[in-house]
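A.B. asks: Below you'll find protein-v2.pdb; it's PDB, C-alpha atoms and all ligand atoms.
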MODEL        1
ATOM      1  CA  MET A 769      -6.604  -3.605 -13.277
ATOM      2  CA  TYR A 770      -7.395  -0.247 -11.739
ATOM      3  CA  GLN A 771      -9.456   2.242 -13.684
ATOM      4  CA  LEU A 772     -10.052   5.564 -11.965
ATOM      5  CA  THR A 773     -12.358   8.019 -13.664
ATOM      6  CA  GLY A 774     -12.970  11.586 -12.517
ATOM      7  CA  VAL A 775     -12.087  10.773  -8.915
ATOM      8  CA  THR A 776     -12.559  13.595  -6.441
ATOM      9  CA  LYS A 777     -12.151  13.329  -2.687
ATOM     10  CA  ARG A 778     -13.440  16.340  -0.815
ATOM     11  CA  TYR A 779     -12.837  16.915   2.877
ATOM     12  CA  GLN A 780     -15.150  19.418   4.491
ATOM     13  CA  ARG A 781     -13.850  21.229   7.577
ATOM     14  CA  GLY A 782     -16.437  23.681   8.782
ATOM     15  CA  LYS A 783     -16.998  26.084   5.905
ATOM     16  CA  GLU A 784     -13.773  25.140   4.194
ATOM     17  CA  ALA A 785     -13.653  22.378   1.567
ATOM     18  CA  ILE A 786     -10.387  20.731   0.517
ATOM     19  CA  ASP A 787     -10.210  18.625  -2.613
ATOM     20  CA  ALA A 788      -7.483  16.153  -1.645
ATOM     21  CA  LEU A 789      -8.044  14.634  -5.099
ATOM     22  CA  ALA A 790      -9.553  16.673  -7.911
ATOM     23  CA  GLY A 791     -10.744  14.861 -11.026
ATOM     24  CA  VAL A 792      -8.143  12.101 -11.152
ATOM     25  CA  ASP A 793      -8.117   9.735 -14.145
ATOM     26  CA  LEU A 794      -5.695   6.825 -13.884
ATOM     27  CA  THR A 795      -5.255   3.313 -15.242
ATOM     28  CA  ILE A 796      -2.920   0.769 -13.644
ATOM     29  CA  ALA A 797      -2.583  -2.503 -15.537
ATOM     30  CA  ASP A 798      -2.217  -5.848 -13.759
ATOM     31  CA  GLY A 799       1.376  -6.501 -12.746
ATOM     32  CA  ASP A 800       2.432  -2.889 -13.286
ATOM     33  CA  GLN A 801       4.365  -0.705 -10.884
ATOM     34  CA  LEU A 802       3.399   2.911 -10.283
ATOM     35  CA  VAL A 803       5.536   5.215  -8.145
ATOM     36  CA  VAL A 804       3.674   8.213  -6.681
ATOM     37  CA  ARG A 805       5.423  11.419  -5.615
ATOM     38  CA  GLY A 806       4.454  14.950  -4.801
ATOM     39  CA  PRO A 807       4.631  17.690  -2.195
ATOM     40  CA  THR A 808       3.305  17.162   1.303
ATOM     41  CA  GLY A 809      -0.475  17.494   1.388
ATOM     42  CA  GLY A 810      -0.666  16.837  -2.365
ATOM     43  CA  GLY A 811      -3.028  13.878  -2.048
ATOM     44  CA  LYS A 812      -0.748  10.820  -2.177
ATOM     45  CA  SER A 813      -2.089   9.051   0.903
ATOM     46  CA  THR A 814      -5.638   9.883  -0.100
ATOM     47  CA  LEU A 815      -5.074   8.193  -3.461
ATOM     48  CA  LEU A 816      -3.662   5.099  -1.784
ATOM     49  CA  GLN A 817      -6.593   4.928   0.624
ATOM     50  CA  LEU A 818      -9.049   4.986  -2.266
ATOM     51  CA  LEU A 819      -7.080   2.347  -4.205
ATOM     52  CA  GLY A 820      -7.122   0.204  -1.086
ATOM     53  CA  GLY A 821     -10.818   0.608  -0.382
ATOM     54  CA  LEU A 822     -10.025   2.205   2.985
ATOM     55  CA  ASP A 823     -12.017   5.256   1.978
ATOM     56  CA  ARG A 824     -14.519   6.214  -0.707
ATOM     57  CA  ALA A 825     -14.414   8.896  -3.398
ATOM     58  CA  THR A 826     -16.755  11.871  -3.116
ATOM     59  CA  SER A 827     -17.393  11.548  -6.848
ATOM     60  CA  GLY A 828     -16.038   9.514  -9.738
ATOM     61  CA  THR A 829     -15.320   5.793  -9.815
ATOM     62  CA  VAL A 830     -12.477   3.649  -8.514
ATOM     63  CA  GLY A 831     -12.738   0.471 -10.575
ATOM     64  CA  LEU A 832     -10.797  -2.647  -9.611
ATOM     65  CA  ASP A 833     -11.194  -5.444 -12.147
ATOM     66  CA  GLY A 834     -14.434  -3.915 -13.344
ATOM     67  CA  THR A 835     -15.983  -3.402  -9.891
ATOM     68  CA  ASP A 836     -16.528   0.134  -8.599
ATOM     69  CA  LEU A 837     -15.124  -0.048  -5.056
ATOM     70  CA  GLY A 838     -17.263   2.949  -4.053
ATOM     71  CA  GLY A 839     -20.425   1.036  -4.936
ATOM     72  CA  LEU A 840     -19.704  -1.931  -2.650
ATOM     73  CA  SER A 841     -21.260  -2.426   0.770
ATOM     74  CA  GLU A 842     -18.930  -2.090   3.761
ATOM     75  CA  ALA A 843     -18.886  -5.896   4.153
ATOM     76  CA  ALA A 844     -18.072  -6.501   0.477
ATOM     77  CA  LEU A 845     -15.325  -3.876   0.573
ATOM     78  CA  THR A 846     -13.820  -5.521   3.659
ATOM     79  CA  ARG A 847     -13.780  -8.836   1.792
ATOM     80  CA  VAL A 848     -11.997  -7.284  -1.208
ATOM     81  CA  ARG A 849      -9.407  -5.726   1.101
ATOM     82  CA  ALA A 850      -8.826  -8.935   3.011
ATOM     83  CA  ALA A 851      -8.413 -11.129  -0.059
ATOM     84  CA  THR A 852      -6.955  -8.892  -2.739
ATOM     85  CA  ILE A 853      -5.002  -5.973  -1.300
ATOM     86  CA  GLY A 854      -1.829  -5.935   0.783
ATOM     87  CA  PHE A 855      -0.799  -2.737   2.586
ATOM     88  CA  VAL A 856       2.556  -1.605   3.897
ATOM     89  CA  PHE A 857       2.743   1.631   5.901
ATOM     90  CA  GLN A 858       5.504   3.960   7.052
ATOM     91  CA  SER A 859       4.840   3.161  10.706
ATOM     92  CA  PHE A 860       4.758  -0.662  10.234
ATOM     93  CA  ASN A 861       1.434  -0.925  12.182
ATOM     94  CA  LEU A 862       2.352  -4.195  13.891
ATOM     95  CA  ILE A 863       0.534  -5.346  17.023
ATOM     96  CA  PRO A 864       3.144  -4.927  19.801
ATOM     97  CA  THR A 865       1.921  -7.806  21.965
ATOM     98  CA  LEU A 866       1.999 -10.406  19.175
ATOM     99  CA  SER A 867       5.072 -12.224  17.873
ATOM    100  CA  ALA A 868       6.259 -11.751  14.280
ATOM    101  CA  GLN A 869       4.538 -14.985  13.291
ATOM    102  CA  GLU A 870       1.277 -14.075  15.056
ATOM    103  CA  ASN A 871       1.294 -10.636  13.416
ATOM    104  CA  VAL A 872       1.567 -12.236   9.994
ATOM    105  CA  GLU A 873      -1.146 -14.759  10.831
ATOM    106  CA  THR A 874      -3.632 -11.954  11.533
ATOM    107  CA  ALA A 875      -3.902 -11.394   7.764
ATOM    108  CA  LEU A 876      -5.174 -14.939   7.256
ATOM    109  CA  ALA A 877      -7.766 -15.065  10.042
ATOM    110  CA  PRO A 878     -10.473 -13.132   8.110
ATOM    111  CA  LEU A 879     -10.030 -15.511   5.168
ATOM    112  CA  GLY A 880     -11.024 -18.517   7.266
ATOM    113  CA  VAL A 881      -7.633 -20.243   6.975
ATOM    114  CA  LYS A 882      -7.245 -22.972   9.632
ATOM    115  CA  ALA A 883      -4.805 -22.435  12.520
ATOM    116  CA  THR A 884      -2.167 -24.984  11.472
ATOM    117  CA  GLU A 885      -2.241 -23.723   7.895
ATOM    118  CA  ARG A 886      -2.008 -20.121   9.142
ATOM    119  CA  ALA A 887       1.085 -20.941  11.174
ATOM    120  CA  ARG A 888       2.728 -22.734   8.256
ATOM    121  CA  ARG A 889       2.043 -19.969   5.741
ATOM    122  CA  ALA A 890       3.109 -17.219   8.153
ATOM    123  CA  ALA A 891       6.422 -18.986   8.821
ATOM    124  CA  GLU A 892       6.954 -19.406   5.093
ATOM    125  CA  ALA A 893       6.201 -15.720   4.417
ATOM    126  CA  LEU A 894       8.620 -14.635   7.146
ATOM    127  CA  GLU A 895      11.244 -16.922   5.672
ATOM    128  CA  SER A 896      10.752 -15.309   2.245
ATOM    129  CA  VAL A 897      11.562 -11.868   3.723
ATOM    130  CA  GLY A 898      14.655 -13.198   5.495
ATOM    131  CA  LEU A 899      13.224 -13.557   9.006
ATOM    132  CA  ALA A 900      13.159 -17.332   9.477
ATOM    133  CA  GLU A 901      15.150 -16.896  12.714
ATOM    134  CA  ARG A 902      12.811 -14.282  14.201
ATOM    135  CA  LEU A 903       9.386 -15.959  14.263
ATOM    136  CA  THR A 904       8.836 -15.662  18.019
ATOM    137  CA  HIS A 905      10.241 -12.144  18.441
ATOM    138  CA  LEU A 906       7.922  -9.326  19.458
ATOM    139  CA  PRO A 907       8.018  -6.151  17.299
ATOM    140  CA  GLY A 908       9.863  -4.344  20.124
ATOM    141  CA  GLU A 909      12.615  -6.950  19.911
ATOM    142  CA  LEU A 910      13.203  -6.266  16.196
ATOM    143  CA  SER A 911      14.987  -3.462  14.338
ATOM    144  CA  GLY A 912      12.990  -1.012  12.220
ATOM    145  CA  GLY A 913      13.980  -2.780   9.017
ATOM    146  CA  GLN A 914      13.007  -6.156  10.488
ATOM    147  CA  GLN A 915       9.656  -4.785  11.641
ATOM    148  CA  GLN A 916       8.993  -3.552   8.123
ATOM    149  CA  ARG A 917       9.887  -7.012   6.809
ATOM    150  CA  VAL A 918       7.266  -8.501   9.151
ATOM    151  CA  ALA A 919       4.742  -5.977   7.805
ATOM    152  CA  ILE A 920       5.653  -6.973   4.241
ATOM    153  CA  ALA A 921       5.219 -10.662   5.099
ATOM    154  CA  ARG A 922       1.826  -9.812   6.632
ATOM    155  CA  ALA A 923       0.795  -7.949   3.470
ATOM    156  CA  LEU A 924       1.833 -10.795   1.172
ATOM    157  CA  VAL A 925       0.937 -13.949   3.126
ATOM    158  CA  LYS A 926      -2.602 -13.880   1.740
ATOM    159  CA  GLN A 927      -1.221 -13.830  -1.807
ATOM    160  CA  PRO A 928      -2.882 -10.571  -2.780
ATOM    161  CA  LYS A 929      -3.097  -9.247  -6.284
ATOM    162  CA  VAL A 930      -2.263  -5.703  -5.277
ATOM    163  CA  LEU A 931       0.435  -4.276  -3.013
ATOM    164  CA  LEU A 932       0.058  -0.686  -1.803
ATOM    165  CA  ALA A 933       3.003   0.852   0.055
ATOM    166  CA  ASP A 934       2.743   4.291   1.681
ATOM    167  CA  GLU A 935       6.241   5.673   2.415
ATOM    168  CA  PRO A 936       7.458   2.212   3.494
ATOM    169  CA  THR A 937      11.011   3.485   4.042
ATOM    170  CA  GLY A 938      10.115   6.787   5.722
ATOM    171  CA  ASN A 939      11.161   5.591   9.190
ATOM    172  CA  LEU A 940      14.337   3.772   8.172
ATOM    173  CA  ASP A 941      17.997   4.713   7.811
ATOM    174  CA  GLU A 942      19.553   4.868   4.359
ATOM    175  CA  ASP A 943      21.046   1.365   4.146
ATOM    176  CA  THR A 944      17.921  -0.286   5.503
ATOM    177  CA  ARG A 945      15.879   1.800   3.080
ATOM    178  CA  ASP A 946      17.707   0.326   0.096
ATOM    179  CA  ASP A 947      17.221  -3.213   1.473
ATOM    180  CA  ILE A 948      13.476  -2.716   1.868
ATOM    181  CA  VAL A 949      13.066  -1.067  -1.543
ATOM    182  CA  GLY A 950      15.024  -3.928  -3.124
ATOM    183  CA  LEU A 951      12.948  -6.519  -1.283
ATOM    184  CA  LEU A 952       9.653  -4.955  -2.392
ATOM    185  CA  GLU A 953      10.873  -4.630  -5.961
ATOM    186  CA  GLY A 954      11.980  -8.277  -6.017
ATOM    187  CA  LEU A 955       8.627  -9.433  -4.628
ATOM    188  CA  TRP A 956       6.743  -7.286  -7.146
ATOM    189  CA  LYS A 957       8.542  -9.016 -10.008
ATOM    190  CA  GLU A 958       8.491 -12.499  -8.523
ATOM    191  CA  LEU A 959       4.831 -12.475  -7.563
ATOM    192  CA  GLY A 960       3.496 -10.447 -10.506
ATOM    193  CA  LEU A 961       1.846  -7.942  -8.173
ATOM    194  CA  THR A 962       0.187  -4.708  -9.130
ATOM    195  CA  TYR A 963       2.372  -2.407  -7.051
ATOM    196  CA  VAL A 964       1.781   1.210  -6.064
ATOM    197  CA  LEU A 965       4.525   2.880  -4.058
ATOM    198  CA  VAL A 966       4.232   6.323  -2.474
ATOM    199  CA  THR A 967       7.664   7.750  -1.751
ATOM    200  CA  HIS A 968       9.591  10.975  -1.248
ATOM    201  CA  ASP A 969      12.791   9.216  -2.283
ATOM    202  CA  SER A 970      14.012  10.818  -5.512
ATOM    203  CA  SER A 971      16.383   7.948  -6.372
ATOM    204  CA  ILE A 972      13.429   5.529  -6.480
ATOM    205  CA  ALA A 973      11.390   7.974  -8.540
ATOM    206  CA  LYS A 974      14.234   8.414 -11.027
ATOM    207  CA  ARG A 975      14.242   4.780 -12.033
ATOM    208  CA  ALA A 976      10.507   4.175 -11.776
ATOM    209  CA  PRO A 977       9.016   2.653 -14.914
ATOM    210  CA  ARG A 978       5.958   4.834 -14.451
ATOM    211  CA  LEU A 979       5.803   7.904 -12.251
ATOM    212  CA  ALA A 980       2.746   9.797 -11.035
ATOM    213  CA  VAL A 981       3.139  13.216  -9.482
ATOM    214  CA  ILE A 982       0.252  14.622  -7.439
ATOM    215  CA  ARG A 983       0.041  18.316  -6.625
ATOM    216  CA  LYS A 984      -3.008  19.907  -5.073
ATOM    217  CA  GLY A 985      -5.050  16.828  -5.860
ATOM    218  CA  ARG A 986      -4.167  16.775  -9.542
ATOM    219  CA  LEU A 987      -2.274  13.859 -10.984
ATOM    220  CA  LYS A 988       0.151  13.700 -13.868
ATOM    221  CA  VAL A 989       1.693  10.450 -15.092
ATOM    222  CA  THR A 990       5.030  10.114 -16.869
ATOM    223  CA  GLU A 991       5.926   6.900 -18.657
ATOM    224  CA  ARG A 992       9.582   5.994 -18.943
ATOM    225  CA  GLU A 993      10.675   4.945 -22.402
ATOM    226  CA  ALA A 994      11.697   1.288 -22.512
ATOM    227  CA  ALA A 995      15.514   1.125 -22.551
TER     228      ALA A 995
HETATM  229  N1  LIG B1001      -9.487  13.469   7.232
HETATM  230  C1  LIG B1001      -9.197  14.632   6.660
HETATM  231  N2  LIG B1001      -9.929  15.726   6.921
HETATM  232  C2  LIG B1001      -9.655  16.913   6.329
HETATM  233  N3  LIG B1001      -8.650  17.092   5.443
HETATM  234  C3  LIG B1001      -7.879  16.043   5.158
HETATM  235  C4  LIG B1001      -8.104  14.757   5.739
HETATM  236  N4  LIG B1001      -7.170  13.898   5.252
HETATM  237  C5  LIG B1001      -6.401  14.617   4.403
HETATM  238  N5  LIG B1001      -6.817  15.898   4.334
HETATM  239  C6  LIG B1001      -6.245  16.964   3.495
HETATM  240  O1  LIG B1001      -6.187  16.482   2.149
HETATM  241  C7  LIG B1001      -4.978  16.904   1.523
HETATM  242  C8  LIG B1001      -4.208  15.687   1.000
HETATM  243  O2  LIG B1001      -3.733  14.916   2.102
HETATM  244  P1  LIG B1001      -2.839  13.596   1.911
HETATM  245  O3  LIG B1001      -2.623  13.007   3.255
HETATM  246  O4  LIG B1001      -3.460  12.731   0.867
HETATM  247  O5  LIG B1001      -1.473  14.210   1.342
HETATM  248  P2  LIG B1001      -0.064  13.512   1.090
HETATM  249  O6  LIG B1001       0.329  13.881  -0.285
HETATM  250  O7  LIG B1001      -0.133  12.061   1.415
HETATM  251  O8  LIG B1001       0.864  14.272   2.130
HETATM  252  P3  LIG B1001       2.163  13.765   2.964
HETATM  253  O9  LIG B1001       3.291  13.674   1.961
HETATM  254  O10 LIG B1001       2.393  14.876   3.935
HETATM  255  O11 LIG B1001       1.816  12.457   3.611
HETATM  256  C9  LIG B1001      -4.232  17.744   2.554
HETATM  257  O12 LIG B1001      -4.501  19.090   2.309
HETATM  258  C10 LIG B1001      -4.818  17.303   3.879
HETATM  259  O13 LIG B1001      -4.755  18.333   4.827
ENDMDL
END
Starting from the file, lay out its structure as structure tokens.
C.D. replies:
Amino acid sequence: MYQLTGVTKRYQRGKEAIDALAGVDLTIADGDQLVVRGPTGGGKSTLLQLLGGLDRATSGTVGLDGTDLGGLSEAALTRVRAATIGFVFQSFNLIPTLSAQENVETALAPLGVKATERARRAAEALESVGLAERLTHLPGELSGGQQQRVAIARALVKQPKVLLADEPTGNLDEDTRDDIVGLLEGLWKELGLTYVLVTHDSSIAKRAPRLAVIRKGRLKVTEREAA
């Protein structure tokens, strides 16, 4: 469970200070989905970075299962990220010189998983996103949607508790977008993930069970009534 209390993230540029997040309070229960929207520059990516332990708050606490991520050493934070949190980004962030399978395996290396086991689990993860026939392809030999599927397999192969997706469909055409959104939604339900999705897509936001809107660093959450 995430428990954010009074979270502020201040960027200082010369004399100018920007509060990318300003006093954010937020709870996300285990297994819940939260969709995050808002205008450009509102603070969405900053929020995701703090949830993922990629950055630290200037003040306030970002609690994950009772641990304040901001209070951890760099090494401890890296361990939490490697074991607990899967990321999917707009730009896929695959390593161009590695095959689909090798890209997925990179998520298991820091966890000390043995090579044969890594290969087996990576193949299985790629199969679960519909890429069983593409294990040896390089990212450049795959379509955008397929590359994002590899990135999703890489995020999930370590069986994380949390999945954080930052505009995962931003670089995809409309049909592919729906496929990827559907895939992520299916995996969220199947795997019981805590799932935070940043998106500009209004059709996703419309049917989100819980929607957070961030403007100028301030966050407002709307709960959808159960149908
Ligand atoms: N490293 C940084 N240094 C200075 N300012 C930053 C830095 N990163 C972000 N900001 C500022 O913080 C604010 C929030 O940025 P953020 O990237 O979180 O917005 P966003 O809602 O994700 O926007 P977008 O939809 O365009 O991706 C913006 O005003 C941005 O300029």
A.B. asks: Extract, using only C-alpha atoms, all DNA, RNA and protein residues at most 10 Å from Ala788 of chain A, discarding same-chain residues fewer than 4 positions from it, and format them as a PDB file with C-alpha atoms, in the frame of the given file.
C.D. replies:
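Printed below is result_37.pdb as written:
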ATOM      1  CA  THR A 776     -12.559  13.595  -6.441  1.00  0.00           C
ATOM      2  CA  LYS A 777     -12.151  13.329  -2.687  1.00  0.00           C
ATOM      3  CA  ARG A 778     -13.440  16.340  -0.815  1.00  0.00           C
ATOM      4  CA  TYR A 779     -12.837  16.915   2.877  1.00  0.00           C
ATOM      5  CA  GLY A 809      -0.475  17.494   1.388  1.00  0.00           C
ATOM      6  CA  GLY A 810      -0.666  16.837  -2.365  1.00  0.00           C
ATOM      7  CA  GLY A 811      -3.028  13.878  -2.048  1.00  0.00           C
ATOM      8  CA  LYS A 812      -0.748  10.820  -2.177  1.00  0.00           C
ATOM      9  CA  SER A 813      -2.089   9.051   0.903  1.00  0.00           C
ATOM     10  CA  THR A 814      -5.638   9.883  -0.100  1.00  0.00           C
ATOM     11  CA  LEU A 815      -5.074   8.193  -3.461  1.00  0.00           C
ATOM     12  CA  ILE A 982       0.252  14.622  -7.439  1.00  0.00           C
ATOM     13  CA  ARG A 983       0.041  18.316  -6.625  1.00  0.00           C
ATOM     14  CA  LYS A 984      -3.008  19.907  -5.073  1.00  0.00           C
ATOM     15  CA  GLY A 985      -5.050  16.828  -5.860  1.00  0.00           C
ATOM     16  CA  ARG A 986      -4.167  16.775  -9.542  1.00  0.00           C
TER      17      ARG A 986
END
A.B. asks: Evaluate the PyMOL selection byres (((chain A and resi 859) around 8) and not hetatm) on the structure here and hand back the selected residues as a list in words.
C.D. replies: Phe857, Gln858, Phe860, Asn861, Pro936 and Asn939 of chain A
A.B. asks: Report as a PyMOL selection string the full result of the PyMOL selection byres (((chain A and resi 899-910) around 12) and not hetatm) when it is applied to this structure.
C.D. replies: chain A and resi 859-873+887-898+911-921
A.B. asks: To one decimal place, how far is atom CA of Glu935 of chain A from atom O5 of ligand LIG 1001 (chain B) in Å?
C.D. replies: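 Answer for the atom CA of Glu935 of chain A to atom O5 of ligand LIG 1001 (chain B) separation: 11.6 Å.
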A.B. asks: Which value, in Å to one decimal, gives the distance between atom CA of Val804 of chain A and atom CA of Asp943 of chain A?
C.D. replies: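 It comes out at 21.6 Å.
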A.B. asks: Using all atoms listed in the file, which of the listed residues (A:Arg805, A:Lys988, A:Arg849, A:Lys882) sits closest to Ala790 of chain A?
C.D. replies: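 That would be A:Lys988, the residue with the smallest distance to Ala790 of chain A.
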A.B. asks: Run the PyMOL selection byres (((chain A and resi 958-960) around 9) and not hetatm) against the file shown and list the residues it catches, as a ChimeraX atom specification.
C.D. replies: /A:798-800,927,929,953-957,961-963
A.B. asks: With C-alpha atoms kept, could you save the residues just selected as an mmCIF file, in the frame of the given file?
C.D. replies:
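Final output, selection36.cif:
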data_model
loop_
_atom_site.group_PDB
_atom_site.id
_atom_site.type_symbol
_atom_site.label_atom_id
_atom_site.label_comp_id
_atom_site.auth_asym_id
_atom_site.auth_seq_id
_atom_site.Cartn_x
_atom_site.Cartn_y
_atom_site.Cartn_z
ATOM 1 C CA ASP A 798 -2.217 -5.848 -13.759
ATOM 2 C CA GLY A 799 1.376 -6.501 -12.746
ATOM 3 C CA ASP A 800 2.432 -2.889 -13.286
ATOM 4 C CA GLN A 927 -1.221 -13.830 -1.807
ATOM 5 C CA LYS A 929 -3.097 -9.247 -6.284
ATOM 6 C CA GLU A 953 10.873 -4.630 -5.961
ATOM 7 C CA GLY A 954 11.980 -8.277 -6.017
ATOM 8 C CA LEU A 955 8.627 -9.433 -4.628
ATOM 9 C CA TRP A 956 6.743 -7.286 -7.146
ATOM 10 C CA LYS A 957 8.542 -9.016 -10.008
ATOM 11 C CA LEU A 961 1.846 -7.942 -8.173
ATOM 12 C CA THR A 962 0.187 -4.708 -9.130
ATOM 13 C CA TYR A 963 2.372 -2.407 -7.051
#
